$ cat query-v7.cif   # mmCIF, C-alpha atoms
data_protein
loop_
_atom_site.label_atom_id
_atom_site.label_comp_id
_atom_site.auth_asym_id
_atom_site.auth_seq_id
_atom_site.Cartn_x
_atom_site.Cartn_y
_atom_site.Cartn_z
CA MET K 1 104.02 -96.40 -168.00
CA SER K 2 101.85 -97.24 -171.00
CA VAL K 3 98.49 -96.11 -169.58
CA PHE K 4 97.28 -93.16 -167.53
CA ASN K 5 94.06 -91.79 -166.04
CA ALA K 6 91.97 -89.00 -167.51
CA CYS K 7 88.58 -87.49 -166.75
CA HIS K 8 85.96 -87.82 -169.49
CA ILE K 9 82.57 -86.33 -170.19
CA PRO K 10 80.69 -89.35 -171.67
CA PHE K 11 77.46 -87.36 -172.08
CA PHE K 12 76.16 -84.00 -170.89
CA GLY K 13 74.68 -83.71 -167.41
CA ASP K 14 75.46 -82.77 -163.81
CA ALA K 15 78.83 -83.23 -162.12
CA HIS K 16 78.22 -86.92 -161.51
CA VAL K 17 78.46 -87.79 -165.21
CA LEU K 18 82.24 -87.24 -165.06
CA ARG K 19 84.19 -90.49 -165.39
CA ILE K 20 87.82 -91.41 -164.75
CA GLN K 21 89.09 -93.81 -167.39
CA GLU K 22 92.40 -95.40 -168.34
CA CYS K 23 93.94 -94.20 -171.60
CA ALA K 24 96.90 -95.42 -173.64
CA LEU K 25 99.82 -93.06 -174.02
CA PRO K 26 99.51 -91.36 -177.42
CA GLU K 27 102.06 -91.22 -180.18
CA ILE K 28 103.90 -87.90 -180.09
CA LYS K 29 104.29 -86.20 -183.45
CA LYS K 30 106.87 -83.68 -184.61
CA ASN K 31 106.75 -80.40 -182.65
CA GLN K 32 104.52 -82.01 -180.04
CA LEU K 33 105.31 -82.59 -176.38
CA LEU K 34 103.94 -85.08 -173.87
CA VAL K 35 103.41 -83.34 -170.54
CA ASN K 36 103.08 -85.13 -167.22
CA VAL K 37 100.38 -82.89 -165.75
CA VAL K 38 100.97 -81.81 -162.15
CA ALA K 39 97.93 -79.53 -161.81
CA ALA K 40 94.96 -78.44 -163.91
CA SER K 41 92.66 -75.51 -163.32
CA VAL K 42 88.88 -75.84 -163.09
CA ASN K 43 87.06 -73.03 -164.91
CA PRO K 44 83.38 -72.13 -165.41
CA ILE K 45 83.60 -73.08 -169.09
CA ASP K 46 84.36 -76.64 -167.93
CA PHE K 47 81.16 -77.15 -165.96
CA LYS K 48 79.06 -75.26 -168.51
CA THR K 49 80.38 -77.52 -171.25
CA ARG K 50 79.80 -80.62 -169.11
CA ALA K 51 76.18 -79.46 -168.64
CA GLY K 52 75.74 -79.05 -172.39
CA LEU K 53 75.65 -75.26 -172.26
CA GLY K 54 77.50 -72.77 -174.42
CA TRP K 55 79.38 -72.73 -177.70
CA VAL K 56 81.99 -75.38 -176.86
CA ALA K 57 79.30 -77.91 -175.92
CA LYS K 58 77.49 -77.19 -179.19
CA GLU K 59 80.63 -78.00 -181.17
CA ILE K 60 81.71 -81.16 -179.31
CA LYS K 61 78.30 -82.81 -178.77
CA ASP K 62 78.92 -85.33 -181.56
CA ASN K 63 82.46 -86.09 -180.37
CA LEU K 64 81.84 -87.40 -176.85
CA PRO K 65 83.46 -88.72 -174.70
CA TRP K 66 85.64 -85.65 -174.28
CA VAL K 67 88.42 -84.75 -171.83
CA PRO K 68 87.75 -81.28 -170.38
CA GLY K 69 90.21 -78.68 -169.17
CA PHE K 70 92.22 -75.94 -170.85
CA ASP K 71 94.69 -74.89 -168.12
CA MET K 72 97.57 -77.05 -166.96
CA ALA K 73 101.12 -77.08 -165.68
CA GLY K 74 103.48 -80.01 -165.65
CA ILE K 75 106.75 -81.60 -166.71
CA ILE K 76 107.76 -82.50 -170.27
CA SER K 77 108.18 -86.28 -170.31
CA ALA K 78 108.51 -87.01 -174.04
CA VAL K 79 109.11 -85.10 -177.26
CA GLY K 80 108.17 -85.80 -180.85
CA ASP K 81 111.53 -85.19 -182.48
CA GLU K 82 115.23 -84.98 -181.69
CA ASP K 83 115.34 -81.21 -182.10
CA ASN K 84 113.30 -80.87 -178.91
CA GLU K 85 115.12 -83.41 -176.73
CA HIS K 86 116.69 -80.57 -174.73
CA LEU K 87 113.20 -79.76 -173.42
CA MET K 88 112.88 -83.04 -171.51
CA GLY K 89 112.19 -82.45 -167.83
CA GLN K 90 111.33 -78.76 -168.25
CA TYR K 91 108.45 -77.29 -166.23
CA VAL K 92 105.81 -75.77 -168.50
CA PHE K 93 102.30 -74.33 -168.36
CA GLY K 94 99.73 -73.00 -170.77
CA MET K 95 96.18 -72.71 -172.03
CA ILE K 96 95.92 -75.79 -174.23
CA GLY K 97 93.45 -77.35 -176.62
CA ILE K 98 91.50 -74.13 -177.27
CA PRO K 99 88.74 -74.17 -178.28
CA PHE K 100 87.53 -77.74 -178.85
CA LYS K 101 90.34 -80.15 -177.98
CA GLY K 102 90.64 -79.58 -174.21
CA GLY K 103 92.55 -82.35 -172.47
CA ALA K 104 93.96 -80.86 -169.26
CA TYR K 105 92.00 -83.09 -166.81
CA SER K 106 94.50 -85.86 -167.42
CA GLU K 107 97.68 -87.28 -165.92
CA TYR K 108 99.33 -86.84 -169.33
CA CYS K 109 98.42 -84.62 -172.24
CA THR K 110 99.82 -83.98 -175.69
CA VAL K 111 100.42 -80.36 -176.59
CA GLU K 112 101.87 -78.44 -179.48
CA LYS K 113 105.26 -76.97 -178.59
CA ASP K 114 104.00 -73.41 -179.05
CA GLU K 115 101.06 -73.97 -176.67
CA VAL K 116 103.23 -73.91 -173.55
CA LEU K 117 105.67 -71.58 -171.80
CA PHE K 118 108.38 -72.28 -169.24
CA VAL K 119 107.50 -71.87 -165.57
CA PRO K 120 109.98 -69.50 -163.89
CA PRO K 121 111.99 -71.07 -161.03
CA LYS K 122 110.31 -68.85 -158.42
CA VAL K 123 106.76 -69.86 -159.44
CA ASP K 124 104.98 -72.93 -158.05
CA LEU K 125 103.48 -75.19 -160.71
CA ARG K 126 100.04 -74.90 -159.12
CA GLN K 127 100.16 -71.11 -159.34
CA ALA K 128 101.10 -71.46 -163.00
CA ALA K 129 98.25 -73.90 -163.67
CA ALA K 130 95.75 -71.49 -162.09
CA LEU K 131 96.75 -68.58 -164.31
CA PRO K 132 96.06 -69.09 -168.03
CA LEU K 133 92.35 -68.85 -168.83
CA ALA K 134 91.37 -66.62 -165.89
CA GLY K 135 94.46 -64.45 -166.30
CA LEU K 136 94.03 -63.99 -170.05
CA THR K 137 90.33 -63.23 -169.60
CA ALA K 138 91.17 -60.56 -167.03
CA PHE K 139 94.01 -59.12 -169.12
CA GLN K 140 91.92 -58.94 -172.29
CA ALA K 141 88.88 -57.55 -170.45
CA LEU K 142 90.97 -54.57 -169.38
CA GLN K 143 92.17 -54.18 -172.96
CA TYR K 144 88.61 -54.13 -174.29
CA GLY K 145 87.73 -51.65 -171.55
CA LYS K 146 90.60 -49.36 -172.60
CA VAL K 147 91.86 -49.05 -169.02
CA LYS K 148 94.57 -46.48 -168.36
CA ALA K 149 96.33 -44.93 -165.41
CA GLY K 150 94.02 -42.81 -163.28
CA ASP K 151 90.80 -44.54 -164.38
CA ARG K 152 88.15 -45.49 -161.86
CA VAL K 153 87.53 -49.18 -162.38
CA LEU K 154 84.83 -51.29 -160.74
CA ILE K 155 85.35 -55.07 -160.62
CA PHE K 156 81.88 -56.53 -160.08
CA GLY K 157 82.51 -59.97 -158.57
CA ALA K 158 86.16 -59.47 -157.65
CA THR K 159 86.30 -62.54 -155.42
CA GLY K 160 86.17 -65.04 -158.30
CA GLY K 161 88.95 -66.49 -160.40
CA VAL K 162 88.89 -63.79 -163.07
CA GLY K 163 87.82 -60.95 -160.80
CA HIS K 164 90.61 -61.19 -158.25
CA ILE K 165 93.18 -61.21 -161.07
CA ALA K 166 91.51 -58.33 -162.94
CA ALA K 167 91.62 -56.17 -159.81
CA GLN K 168 95.36 -56.67 -159.47
CA LEU K 169 96.06 -56.14 -163.18
CA ALA K 170 94.07 -52.90 -163.23
CA SER K 171 96.00 -51.68 -160.20
CA ILE K 172 99.32 -52.58 -161.84
CA GLN K 173 98.25 -50.39 -164.77
CA GLY K 174 97.64 -47.44 -162.46
CA ALA K 175 93.85 -47.52 -162.15
CA LYS K 176 91.92 -46.79 -158.97
CA VAL K 177 90.16 -50.09 -158.37
CA ILE K 178 86.92 -50.63 -156.44
CA CYS K 179 85.77 -54.20 -155.81
CA THR K 180 82.57 -55.99 -154.85
CA GLY K 181 82.24 -59.46 -153.33
CA SER K 182 80.81 -61.37 -150.39
CA GLU K 183 82.21 -60.76 -146.92
CA ALA K 184 83.42 -64.35 -146.47
CA LYS K 185 85.32 -64.35 -149.74
CA ARG K 186 86.77 -60.91 -149.06
CA GLU K 187 88.22 -62.32 -145.88
CA ALA K 188 89.80 -65.21 -147.78
CA LEU K 189 91.44 -62.86 -150.28
CA SER K 190 92.91 -60.76 -147.47
CA ALA K 191 95.65 -63.42 -147.44
CA LEU K 192 97.04 -61.81 -150.60
CA ASP K 193 99.47 -58.93 -150.38
CA PHE K 194 97.14 -56.50 -152.18
CA GLN K 195 95.39 -53.35 -151.00
CA TRP K 196 91.78 -54.28 -151.64
CA GLN K 197 89.22 -51.46 -151.81
CA TRP K 198 85.92 -53.20 -151.12
CA GLN K 199 82.55 -51.52 -151.51
CA ASP K 200 79.05 -52.83 -150.85
CA GLU K 201 76.72 -52.45 -153.82
CA SER K 202 74.46 -50.16 -151.79
CA GLY K 203 77.34 -47.71 -151.55
CA LEU K 204 77.79 -47.53 -155.33
CA VAL K 205 74.60 -45.62 -156.10
CA ASN K 206 75.23 -42.80 -158.59
CA GLN K 207 78.99 -43.40 -158.59
CA ASP K 208 80.80 -42.82 -161.91
CA PHE K 209 83.31 -45.23 -163.42
CA ASP K 210 85.50 -45.28 -166.48
CA LEU K 211 85.19 -49.05 -166.63
CA VAL K 212 83.06 -51.75 -165.08
CA VAL K 213 84.33 -55.33 -165.44
CA ASP K 214 81.27 -57.52 -164.89
CA CYS K 215 82.25 -61.01 -163.73
CA VAL K 216 78.71 -61.87 -162.55
CA GLY K 217 76.29 -61.17 -165.41
CA GLY K 218 72.52 -61.56 -165.50
CA GLU K 219 70.08 -59.67 -163.30
CA PRO K 220 72.69 -58.73 -160.67
CA ALA K 221 74.75 -56.96 -163.33
CA ILE K 222 71.71 -55.24 -164.83
CA ASN K 223 70.58 -54.03 -161.41
CA LEU K 224 74.08 -52.72 -160.69
CA LEU K 225 74.26 -50.79 -163.96
CA ASN K 226 70.87 -49.23 -163.28
CA GLN K 227 72.03 -47.79 -159.97
CA LEU K 228 75.44 -46.51 -161.10
CA GLY K 229 76.08 -43.01 -162.36
CA GLN K 230 77.95 -42.37 -165.61
CA VAL K 231 79.89 -45.36 -166.92
CA THR K 232 82.12 -45.09 -170.00
CA ASN K 233 82.75 -48.78 -170.74
CA VAL K 234 81.41 -52.11 -169.51
CA VAL K 235 83.01 -55.46 -170.22
CA THR K 236 80.62 -58.28 -169.31
CA LEU K 237 82.24 -61.71 -169.13
CA PRO K 238 79.45 -64.34 -168.78
CA THR K 239 78.51 -65.09 -172.39
CA LEU K 240 75.10 -66.60 -171.60
CA THR K 241 73.74 -63.26 -170.32
CA ALA K 242 75.84 -60.88 -172.41
CA ASP K 243 72.99 -59.72 -174.67
CA ALA K 244 70.80 -58.72 -171.73
CA VAL K 245 73.63 -56.79 -170.06
CA LYS K 246 74.45 -55.06 -173.35
CA GLN K 247 70.82 -53.96 -173.62
CA ALA K 248 70.91 -52.49 -170.11
CA ALA K 249 74.16 -50.69 -170.88
CA SER K 250 72.74 -49.21 -174.09
CA LEU K 251 69.98 -47.54 -172.07
CA LYS K 252 72.72 -45.63 -170.23
CA ASN K 253 74.54 -44.78 -173.47
CA THR K 254 77.39 -46.96 -172.21
CA ALA K 255 79.59 -49.02 -174.52
CA CYS K 256 79.43 -52.70 -173.56
CA PHE K 257 81.73 -55.48 -174.76
CA ASN K 258 81.71 -59.26 -174.53
CA PHE K 259 84.45 -61.40 -176.03
CA LEU K 260 85.86 -64.90 -176.31
CA VAL K 261 89.26 -65.15 -174.70
CA GLU K 262 92.16 -65.80 -177.06
CA VAL K 263 95.46 -67.55 -176.48
CA ASN K 264 98.17 -64.92 -176.17
CA ASN K 265 101.52 -66.22 -174.96
CA GLN K 266 103.00 -62.73 -174.76
CA GLN K 267 100.32 -61.75 -172.25
CA LEU K 268 100.82 -65.02 -170.37
CA GLN K 269 104.56 -64.40 -170.22
CA THR K 270 103.99 -60.92 -168.84
CA MET K 271 101.71 -62.25 -166.10
CA ILE K 272 103.88 -65.21 -165.11
CA ASP K 273 106.81 -62.79 -164.83
CA TRP K 274 104.69 -60.55 -162.59
CA ILE K 275 103.93 -63.59 -160.43
CA ALA K 276 107.66 -64.35 -160.21
CA GLU K 277 108.30 -60.74 -159.19
CA GLY K 278 105.54 -60.76 -156.57
CA LEU K 279 103.42 -58.15 -158.38
CA LEU K 280 100.57 -60.58 -159.15
CA GLN K 281 99.22 -63.34 -156.92
CA ILE K 282 96.78 -66.13 -157.71
CA TYR K 283 94.63 -67.27 -154.81
CA VAL K 284 94.11 -71.03 -154.92
CA ALA K 285 91.32 -71.77 -152.48
CA LYS K 286 90.96 -75.52 -152.86
CA THR K 287 92.73 -78.40 -154.58
CA TYR K 288 91.03 -81.71 -155.39
CA GLY K 289 92.40 -85.04 -156.60
CA LEU K 290 91.36 -86.32 -160.02
CA ASN K 291 89.01 -88.85 -158.41
CA ASP K 292 87.19 -85.97 -156.73
CA VAL K 293 86.67 -83.99 -159.93
CA ALA K 294 82.88 -84.03 -159.46
CA MET K 295 83.31 -82.31 -156.09
CA ALA K 296 85.53 -79.70 -157.75
CA HIS K 297 82.83 -78.94 -160.32
CA ILE K 298 80.13 -78.72 -157.67
CA ALA K 299 82.28 -76.37 -155.57
CA LEU K 300 82.83 -74.04 -158.52
CA GLU K 301 79.20 -74.15 -159.69
CA GLU K 302 77.97 -73.31 -156.19
CA GLY K 303 80.54 -70.55 -155.73
CA GLN K 304 81.87 -72.11 -152.55
CA TYR K 305 85.32 -70.52 -152.74
CA ALA K 306 87.10 -67.30 -153.57
CA GLY K 307 89.77 -67.36 -156.26
CA LYS K 308 90.65 -70.57 -158.06
CA VAL K 309 89.93 -74.29 -157.72
CA LEU K 310 92.52 -76.80 -158.98
CA LEU K 311 92.92 -80.49 -159.70
CA ASP K 312 96.12 -81.99 -158.31
CA LEU K 313 97.46 -84.70 -160.61
CA GLY K 314 101.10 -84.70 -159.56
#
$ encode --input "query-v7.cif" --output "structure tokens"
Amino acid sequence: MSVFNACHIPFFGDAHVLRIQECALPEIKKNQLLVNVVAASVNPIDFKTRAGLGWVAKEIKDNLPWVPGFDMAGIISAVGDEDNEHLMGQYVFGMIGIPFKGGAYSEYCTVEKDEVLFVPPKVDLRQAAALPLAGLTAFQALQYGKVKAGDRVLIFGATGGVGHIAAQLASIQGAKVICTGSEAKREALSALDFQWQWQDESGLVNQDFDLVVDCVGGEPAINLLNQLGQVTNVVTLPTLTADAVKQAASLKNTACFNFLVEVNNQQLQTMIDWIAEGLLQIYVAKTYGLNDVAMAHIALEEGQYAGKVLLDLG
């Protein structure tokens, strides 16, 4: 095969601007790998960038068209030098092209060797593809929030991609985890082997928490903080409303953090091992083909599903 299909953002706009185009296979340089992508994860940063919102869009606006996507899993199909020939055919996954290269919405993508990790035999490639960005965001949010065994942790918006992982990671670390989320999405997540502790927001009035992980942002997060009791730390994830949430937290004398997720292969290795051991589960609610990528974006933007949405390219 000399050509393959990839999704491009030709210009910023709604989901219907996304285009599938043929591309020529690239030349693979030393220490690079060509990966035949089996699955790619759809994340909020993808549709925000497509819409021209946020820091990634600001940086790439003069370099369109652009192939979105940072999470993928697939099979190594070519290597850039003889020293890596033993990697041919290996199953790998990773968070690639951070922050401005992207490239995961594609049947093939070129990655640096150190961007990917091996997928354990017990882990499905689609589970691996769903993990990186959401998993690292959840892992690092708990780090910023200084979570420890015995803490009371509230995951505000625990039914989303990051939230449902953060709840499990906090529990693994010994915290007492309380979750919020819509009834329909709670029901979907009941398929996971995890002891969810759901609470309606009306039942949280004056409750104290060591950490609140805010996966929602904006007015809902501000209203929640105003009704809670004492809160030691808040980590708010949506960057577009972070300043407003920080202001609300300051009025309660609560420390509030917002951060940009960083690639950390040690953390990814820990989580993929937990998946292999059955300690961590990723809920994949819906998988779309590459030709239906616009529908995948619309589904995520409208919050149609719990957990993760994937593109199936295999």
$ residues_around --input "query-v7.cif" --residues "range 202-208 of chain K" --least-positions-apart "4" --cutoff "8 Å" --atoms "only C-alpha atoms" --output "ChimeraX atom specification"
/K:152,227-231
$ resolve_selection --input "query-v7.cif" --expression "the PyMOL selection byres ((chain K and resi 288) around 6)" --output "MDAnalysis selection string"
chainID K and resid 287 289 292 311:312
$ write_last_selection --input "query-v7.cif" --atoms "C-alpha atoms" --output "PDB file, in the coordinates of the input"
ATOM      1  CA  THR K 287      92.730 -78.400-154.580  1.00  0.00           C
ATOM      2  CA  GLY K 289      92.400 -85.040-156.600  1.00  0.00           C
ATOM      3  CA  ASP K 292      87.190 -85.970-156.730  1.00  0.00           C
ATOM      4  CA  LEU K 311      92.920 -80.490-159.700  1.00  0.00           C
ATOM      5  CA  ASP K 312      96.120 -81.990-158.310  1.00  0.00           C
TER       6      ASP K 312
END
$ residues_around --input "query-v7.cif" --residues "range 238-255 of chain K" --least-positions-apart "6" --cutoff "7 Å" --atoms "only C-alpha atoms" --output "list of chain:residue names"
K:Cys215, K:Val216, K:Gly217, K:Gly218, K:Ala221, K:Ile222, K:Leu225, K:Val231, K:Thr232
$ closest_residue --input "query-v7.cif" --among "K:Lys48, K:Lys29, K:Lys122, K:Lys148" --to "Gly13 in chain K" --atoms "all atoms listed in the file"
K:Lys48
$ closest_residue --input "query-v7.cif" --among "K:Glu27, K:Asp124, K:Asp114, K:Glu201" --to "Gly80 in chain K" --atoms "all atoms listed in the file"
K:Glu27
$ closest_residue --input "query-v7.cif" --among "K:Val56, K:Leu313, K:Leu260, K:Leu64" --to "Ala138 in chain K" --atoms "all atoms listed in the file"
K:Leu260
$ closest_residue --input "query-v7.cif" --among "K:Gly89, K:Pro68, K:Gly174, K:Gly161" --to "Leu142 in chain K" --atoms "only C-alpha atoms"
K:Gly174
$ resolve_selection --input "query-v7.cif" --expression "the PyMOL selection byres ((chain K and resi 299) around 12)" --output "mmCIF file with C-alpha atoms, in the coordinates of the input"
data_model
loop_
_atom_site.group_PDB
_atom_site.id
_atom_site.type_symbol
_atom_site.label_atom_id
_atom_site.label_comp_id
_atom_site.auth_asym_id
_atom_site.auth_seq_id
_atom_site.Cartn_x
_atom_site.Cartn_y
_atom_site.Cartn_z
ATOM 1 C CA ALA K 15 78.830 -83.230 -162.120
ATOM 2 C CA VAL K 42 88.880 -75.840 -163.090
ATOM 3 C CA ASN K 43 87.060 -73.030 -164.910
ATOM 4 C CA PRO K 44 83.380 -72.130 -165.410
ATOM 5 C CA PHE K 47 81.160 -77.150 -165.960
ATOM 6 C CA ALA K 285 91.320 -71.770 -152.480
ATOM 7 C CA LYS K 286 90.960 -75.520 -152.860
ATOM 8 C CA THR K 287 92.730 -78.400 -154.580
ATOM 9 C CA TYR K 288 91.030 -81.710 -155.390
ATOM 10 C CA ASP K 292 87.190 -85.970 -156.730
ATOM 11 C CA VAL K 293 86.670 -83.990 -159.930
ATOM 12 C CA ALA K 294 82.880 -84.030 -159.460
ATOM 13 C CA MET K 295 83.310 -82.310 -156.090
ATOM 14 C CA ALA K 296 85.530 -79.700 -157.750
ATOM 15 C CA HIS K 297 82.830 -78.940 -160.320
ATOM 16 C CA ILE K 298 80.130 -78.720 -157.670
ATOM 17 C CA LEU K 300 82.830 -74.040 -158.520
ATOM 18 C CA GLU K 301 79.200 -74.150 -159.690
ATOM 19 C CA GLU K 302 77.970 -73.310 -156.190
ATOM 20 C CA GLY K 303 80.540 -70.550 -155.730
ATOM 21 C CA GLN K 304 81.870 -72.110 -152.550
ATOM 22 C CA TYR K 305 85.320 -70.520 -152.740
ATOM 23 C CA ALA K 306 87.100 -67.300 -153.570
ATOM 24 C CA GLY K 307 89.770 -67.360 -156.260
ATOM 25 C CA LYS K 308 90.650 -70.570 -158.060
ATOM 26 C CA VAL K 309 89.930 -74.290 -157.720
ATOM 27 C CA LEU K 310 92.520 -76.800 -158.980
#
